[in-house]
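What follows is a single structure, written as structure tokens, with notes after it.
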Amino acid sequence: MSTVAAPAAARLKLPKDLSSRVGLIVLALAIAFIIRSFISGPKTFTQVLTIGLSNGALYALIALGYTMVYGIIELINFAHGDLFMLGSVFAAIIMEDGFNKTKPGGSALIFLLVALVGTMAICALINVTIERLAYRRLRNAPKLAPLITAVGMSFILQNVGIVLNGSAPHSRRSVLPTGALKLGSIEVKYKYLIVLAVTVPLLLLMTYIVQRTKIGKAMRATAQDRDASLLMGINVDRVISFTFALGGALAGAAGTLFVQVNGQTRYDAGFRLGLIAFTAAVLGGVGNLLGAVIGGVLIGVIQGLNDGAPGFFGQGWTQTVMFSILILMVIFRPGGIFGKAQQEKV
Amino acid sequence: MAEAKKAISGMNPRKLIIGAVALVVALLLPHYGVTDNAGVLPLFTVVLCAVYALFALGLNIVVGFAGLLDLGYVAFFLVGAYVSAWFMSDFISSQNIHILDTARAVIPGIHLTFWFVVIVAGIIAALVGVVIGAPTLRLKSDYLALVTLGFGEILPEVFRNAEKFTNGTKGIGPVDAVGMGPFAVLPGIDKTITPSDYIAKYYVILVFCALFVWISIKLRDGRLGRAWMAIREDELAASLMGVPLMQTKLWSYAVGALAGGVGGAFYATIVGTVNVDSFTFAFSIIILCAVILGGMGNVWGAILGGVVITWFNYTGLIWIGQKINKAFSTKIDLQKYNFGFFGLVLVLMMLFRPEGFIPAARSKAVKQADKAADAAEALVEGAHA
């Protein structure tokens, strides 16, 4: 389990097995598609690309939560996407009802920062509570049990979303500046730049915590071998709680940014986006932190291109494209684009 | 016959009585249903309970017997329903084929008899199961869950977008009624089941349920069933003992999907229209809930779970909500909480009673063995102390 950012050196050797060959063909087709799309409409293409990058940054935040939890207790936390959804609802409630900030300008951005921190704290708390109440008790149960529990948790969180947000999509107002940065003929909206301005430091902070701090070291140790870590005097329960808190906080941050950029909250957003984010985690190799970030950005760009760029399938097929990637990855390269498939331990 | 006698004498009397009562209840249930949609037991809900029990029986084979978590059972439901819609309605209007059907001859489209369509639906669903399973069943259990979920999401989206073949969100309908064909010679059976004749519909689906119970039990006690359970308990050990993993798993998928297809085909005829919006992830979870509530790997548990969960979903929540509101003059809309209710069932069952309400014989045995081992250990420790 390599929670440590794995060496991102792409394998340049010619692959020998069939699965890699299929992967190469898919890759070649994708590149051909992208080039064709760029030629037929360069302006839309670049615009869509920036949207994709900004979405990708959000996916990266969510994907990290999946990947860290999987890395440490080998559980696909189905409820993580819904935690992100709750984050977006909480952020909207804090901004609109709490601070009554619905227009850009003035001190709005400072309040947004407060809302961001608040939402991160709430989501971290929820995630830790879920782990404490449900997953921890099932840590040594057969593998189906925690998985089914996670699915159940996902439904419970969705229901909380329905209660707080209603069963129809709820439109929310954004405080992000509306203008755009013009670079020649290309326009990049400020709101996407702000997303990057928040996400990048968060990701750097994450990396710092995992790589440089004591608790980060404990996390990596626990991911590698839980029993050995226990013997070395690491409080494994606390480390796992901390991992859930970290993942929850990132999901909260993603939720806050999501509602500001997209201006909408809906109870089923977590299911859809969560699965896209999980695809990102799989793309980068589950358990691999750097992989999750790269996978997130990649998936965001792919989704952006598919939804908006000329020559792609369009929004009606988003789910299909995402899940096809997920299924192909899981079947042919379960270790992600960088990693190797792992043998099951006996 | 002698075998049946032996089986009956081999059962303990308590089980026999419970079984007899359950059978009587199952047979008489629709006669206590009410036709309007209020009250505690609308007839429509009774029919749906039986359909969902069939789905639960199907998923029980995959999740309960073989231990493979399938989160995309809705795919098979969808396939079955669309097979019905295509071959029992005026949708394919370029054709005008009528074979033993119930539609008037002037209506264009392909109209085949339900009894043929239901078999085709089952077989096609089973084939879809094999197609989905073939590349994915090698995966680890959690990835398998995710990939099946993926297929359960992709299929409805493809059907939504391929409007030429599915009529998209507008749906296909009306689907022909079920014709009783040769059975109509029996007394009390009409030639055609009219849309409002829920009692007749109930008995038809009950026959399918009974058939599937029989199939489930036969398979469970046979070679294939033992292979499934071996895989469920320890895949590596099973493969070392010579169980062909892929083949065995594929069979569980195929048989489970078969029930989904049959149920889907029947569902299309009771509802009358097939619309892509009815095939959601929530359906897969409801069926999973039913299997887990009843007891993974227990045939009777799956039926009980299917009935209870369906009743709650379609009637119980509304009914209980009304009772509460009346008693305390509150205004609670319990239906708003049905997602949370299903989630809570999954979580609480996993935490406090993972073997379900009616545990399978094996999980009971395992639990007893565990208890005995614990007791022995305690004894040994006590002796040392």
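Identifiers for the structure tokens are assigned positionally: chains receive A, B, ... in sequence, residues are indexed from 1 per chain, and ligands are indexed from 1 in the order shown.
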Within 10 Å of B:Phe312 using only C-alpha atoms, minus same-chain residues under 4 positions, as a PyMOL selection string
chain B and resi 45+49+306-308+316-320+335+338+341-342
Identify, on the basis of only C-alpha atoms, every residue whose closest approach to A:Gly316 does not exceed 10 Å; exclude the query and any residue fewer than 5 positions from it along the same chain; express the result as a short mmCIF file (atom, residue, chain, number, x, y, z; two decimals) with N, CA and C atoms, in the first residue's frame.
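Saved result, result21.cif, follows:
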```
data_model
loop_
_atom_site.label_atom_id
_atom_site.label_comp_id
_atom_site.auth_asym_id
_atom_site.auth_seq_id
_atom_site.Cartn_x
_atom_site.Cartn_y
_atom_site.Cartn_z
N ASN A 306 -15.75 16.24 -22.58
CA ASN A 306 -16.89 15.46 -23.02
C ASN A 306 -18.18 16.28 -22.98
N ASP A 307 -18.31 17.11 -21.92
CA ASP A 307 -19.56 17.85 -21.78
C ASP A 307 -19.66 19.03 -22.74
N VAL A 321 -19.40 7.73 -19.91
CA VAL A 321 -17.97 7.89 -20.18
C VAL A 321 -17.17 7.64 -18.90
N GLU B 157 -28.53 4.98 -18.56
CA GLU B 157 -28.17 6.16 -19.34
C GLU B 157 -28.14 5.86 -20.84
N VAL B 158 -27.63 4.70 -21.19
CA VAL B 158 -27.62 4.31 -22.60
C VAL B 158 -29.06 4.21 -23.10
N ARG B 160 -31.60 5.73 -21.92
CA ARG B 160 -32.20 7.06 -21.95
C ARG B 160 -31.81 7.78 -23.24
N ASN B 161 -30.56 7.60 -23.64
CA ASN B 161 -30.08 8.34 -24.81
C ASN B 161 -30.47 7.69 -26.13
#
```
Determine which residues of stretch 104-186 of chain A DSSP labels as alpha helix (DSSP H) from the backbone of this structure, then write them out as a PyMOL selection string.
chain A and resi 108-130+144-165
For chain B, list the residues within 7 Å of chain A, counting only C-alpha atoms, and write the list as a ChimeraX atom specification.
/B:135-136,142,147,150,154,157,161,337,339-340,342-344,346-347,350
Could you give me, as a PyMOL selection string, the residues within 10 Å of A:Ile94, counting only C-alpha atoms and dropping anything in the same chain fewer than 2 positions from it?
chain A and resi 88-92+96-101+111-112+114-116+118-119+256
With N, CA and C atoms retained, write the just-selected residues as a short mmCIF file (atom, residue, chain, number, x, y, z; two decimals), in the first residue's frame.
```
data_model
loop_
_atom_site.label_atom_id
_atom_site.label_comp_id
_atom_site.auth_asym_id
_atom_site.auth_seq_id
_atom_site.Cartn_x
_atom_site.Cartn_y
_atom_site.Cartn_z
N SER A 88 -21.41 20.92 0.62
CA SER A 88 -21.90 22.00 -0.24
C SER A 88 -23.17 22.62 0.36
N VAL A 89 -24.03 21.78 0.95
CA VAL A 89 -25.27 22.31 1.54
C VAL A 89 -24.94 23.17 2.77
N PHE A 90 -24.06 22.65 3.63
CA PHE A 90 -23.68 23.42 4.82
C PHE A 90 -23.07 24.76 4.42
N ALA A 91 -22.18 24.73 3.44
CA ALA A 91 -21.51 25.96 3.02
C ALA A 91 -22.54 26.97 2.52
N ALA A 92 -23.50 26.48 1.74
CA ALA A 92 -24.53 27.39 1.22
C ALA A 92 -25.36 27.97 2.36
N GLU A 96 -25.46 31.93 3.07
CA GLU A 96 -26.70 32.65 2.76
C GLU A 96 -27.49 32.99 4.02
N ASP A 97 -27.68 31.97 4.88
CA ASP A 97 -28.51 32.20 6.06
C ASP A 97 -27.69 32.73 7.24
N GLY A 98 -26.46 32.22 7.36
CA GLY A 98 -25.63 32.62 8.49
C GLY A 98 -25.09 34.02 8.31
N PHE A 99 -24.35 34.25 7.22
CA PHE A 99 -23.69 35.54 7.01
C PHE A 99 -24.50 36.47 6.13
N ASN A 100 -25.54 35.94 5.48
CA ASN A 100 -26.36 36.72 4.56
C ASN A 100 -25.50 37.37 3.47
N LYS A 101 -24.55 36.61 2.96
CA LYS A 101 -23.69 37.12 1.89
C LYS A 101 -24.09 36.44 0.58
N PHE A 111 -15.64 36.34 4.44
CA PHE A 111 -16.67 35.49 5.02
C PHE A 111 -16.63 34.10 4.38
N LEU A 112 -16.33 34.08 3.08
CA LEU A 112 -16.25 32.79 2.38
C LEU A 112 -15.16 31.94 3.01
N VAL A 114 -14.15 32.07 6.07
CA VAL A 114 -14.65 31.58 7.36
C VAL A 114 -15.58 30.39 7.11
N ALA A 115 -16.48 30.54 6.13
CA ALA A 115 -17.41 29.46 5.81
C ALA A 115 -16.66 28.20 5.39
N LEU A 116 -15.58 28.42 4.63
CA LEU A 116 -14.77 27.29 4.17
C LEU A 116 -14.21 26.51 5.35
N GLY A 118 -15.25 26.61 8.44
CA GLY A 118 -16.35 26.04 9.20
C GLY A 118 -16.86 24.75 8.59
N THR A 119 -17.09 24.78 7.28
CA THR A 119 -17.59 23.59 6.60
C THR A 119 -16.59 22.45 6.70
N THR A 256 -17.67 23.45 -0.42
CA THR A 256 -17.79 24.91 -0.37
C THR A 256 -17.49 25.53 -1.73
#
```
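Around B:Phe279, within 9 Å and counting only C-alpha atoms, the residues found are Val74, Ala75, Phe77, Leu78, Gly152, Glu153, Pro156, Asn275, Phe283 and Ser284 of chain B, once anything fewer than 4 positions away on its own chain is removed.
In this structure, atom CA of B:Gly264 sits 18.6 Å away from atom CA of B:Met180.
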Selection: 8 Å around A:Thr178, only C-alpha atoms, excl. self and same-chain fewer than 4 positions, as number ranges by chain
A: 104, 189-191
One-decimal distance in Å that lies between atom CA of B:Val47 and atom CA of B:Lys201:
6.9 Å
Show which residues sit within 10 Å of B:Gln95, as a ChimeraX atom specification. Count only C-alpha atoms, and ignore same-chain residues fewer than 3 positions away.
/B:90-92,98,107-111
Find the spatial neighbours of A:Val175, counting only C-alpha atoms, within a cut-off of 7 Å - ignore same-chain residues fewer than 5 positions away - and output them as JSON, numbers by chain.
{"A": [102, 103, 104, 108, 109, 260]}
Dump as an mmCIF file, in the first residue's frame, selection limited to N, CA and C atoms:
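That gives us out21.cif:
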```cif
data_model
loop_
_atom_site.group_PDB
_atom_site.id
_atom_site.type_symbol
_atom_site.label_atom_id
_atom_site.label_comp_id
_atom_site.auth_asym_id
_atom_site.auth_seq_id
_atom_site.Cartn_x
_atom_site.Cartn_y
_atom_site.Cartn_z
ATOM 1 N N THR A 102 -24.737 37.175 -0.283
ATOM 2 C CA THR A 102 -25.192 36.565 -1.529
ATOM 3 C C THR A 102 -24.657 37.285 -2.756
ATOM 4 N N LYS A 103 -23.889 38.353 -2.524
ATOM 5 C CA LYS A 103 -23.378 39.094 -3.683
ATOM 6 C C LYS A 103 -21.857 39.196 -3.615
ATOM 7 N N PRO A 104 -21.228 39.228 -4.774
ATOM 8 C CA PRO A 104 -19.770 39.393 -4.750
ATOM 9 C C PRO A 104 -19.388 40.797 -4.279
ATOM 10 N N ALA A 108 -17.080 39.912 1.273
ATOM 11 C CA ALA A 108 -17.673 38.593 1.028
ATOM 12 C C ALA A 108 -16.636 37.476 1.022
ATOM 13 N N LEU A 109 -15.472 37.771 0.418
ATOM 14 C CA LEU A 109 -14.482 36.703 0.283
ATOM 15 C C LEU A 109 -13.921 36.277 1.631
ATOM 16 N N GLN A 260 -20.057 27.464 -4.665
ATOM 17 C CA GLN A 260 -19.748 28.812 -5.128
ATOM 18 C C GLN A 260 -19.579 28.868 -6.642
#
```
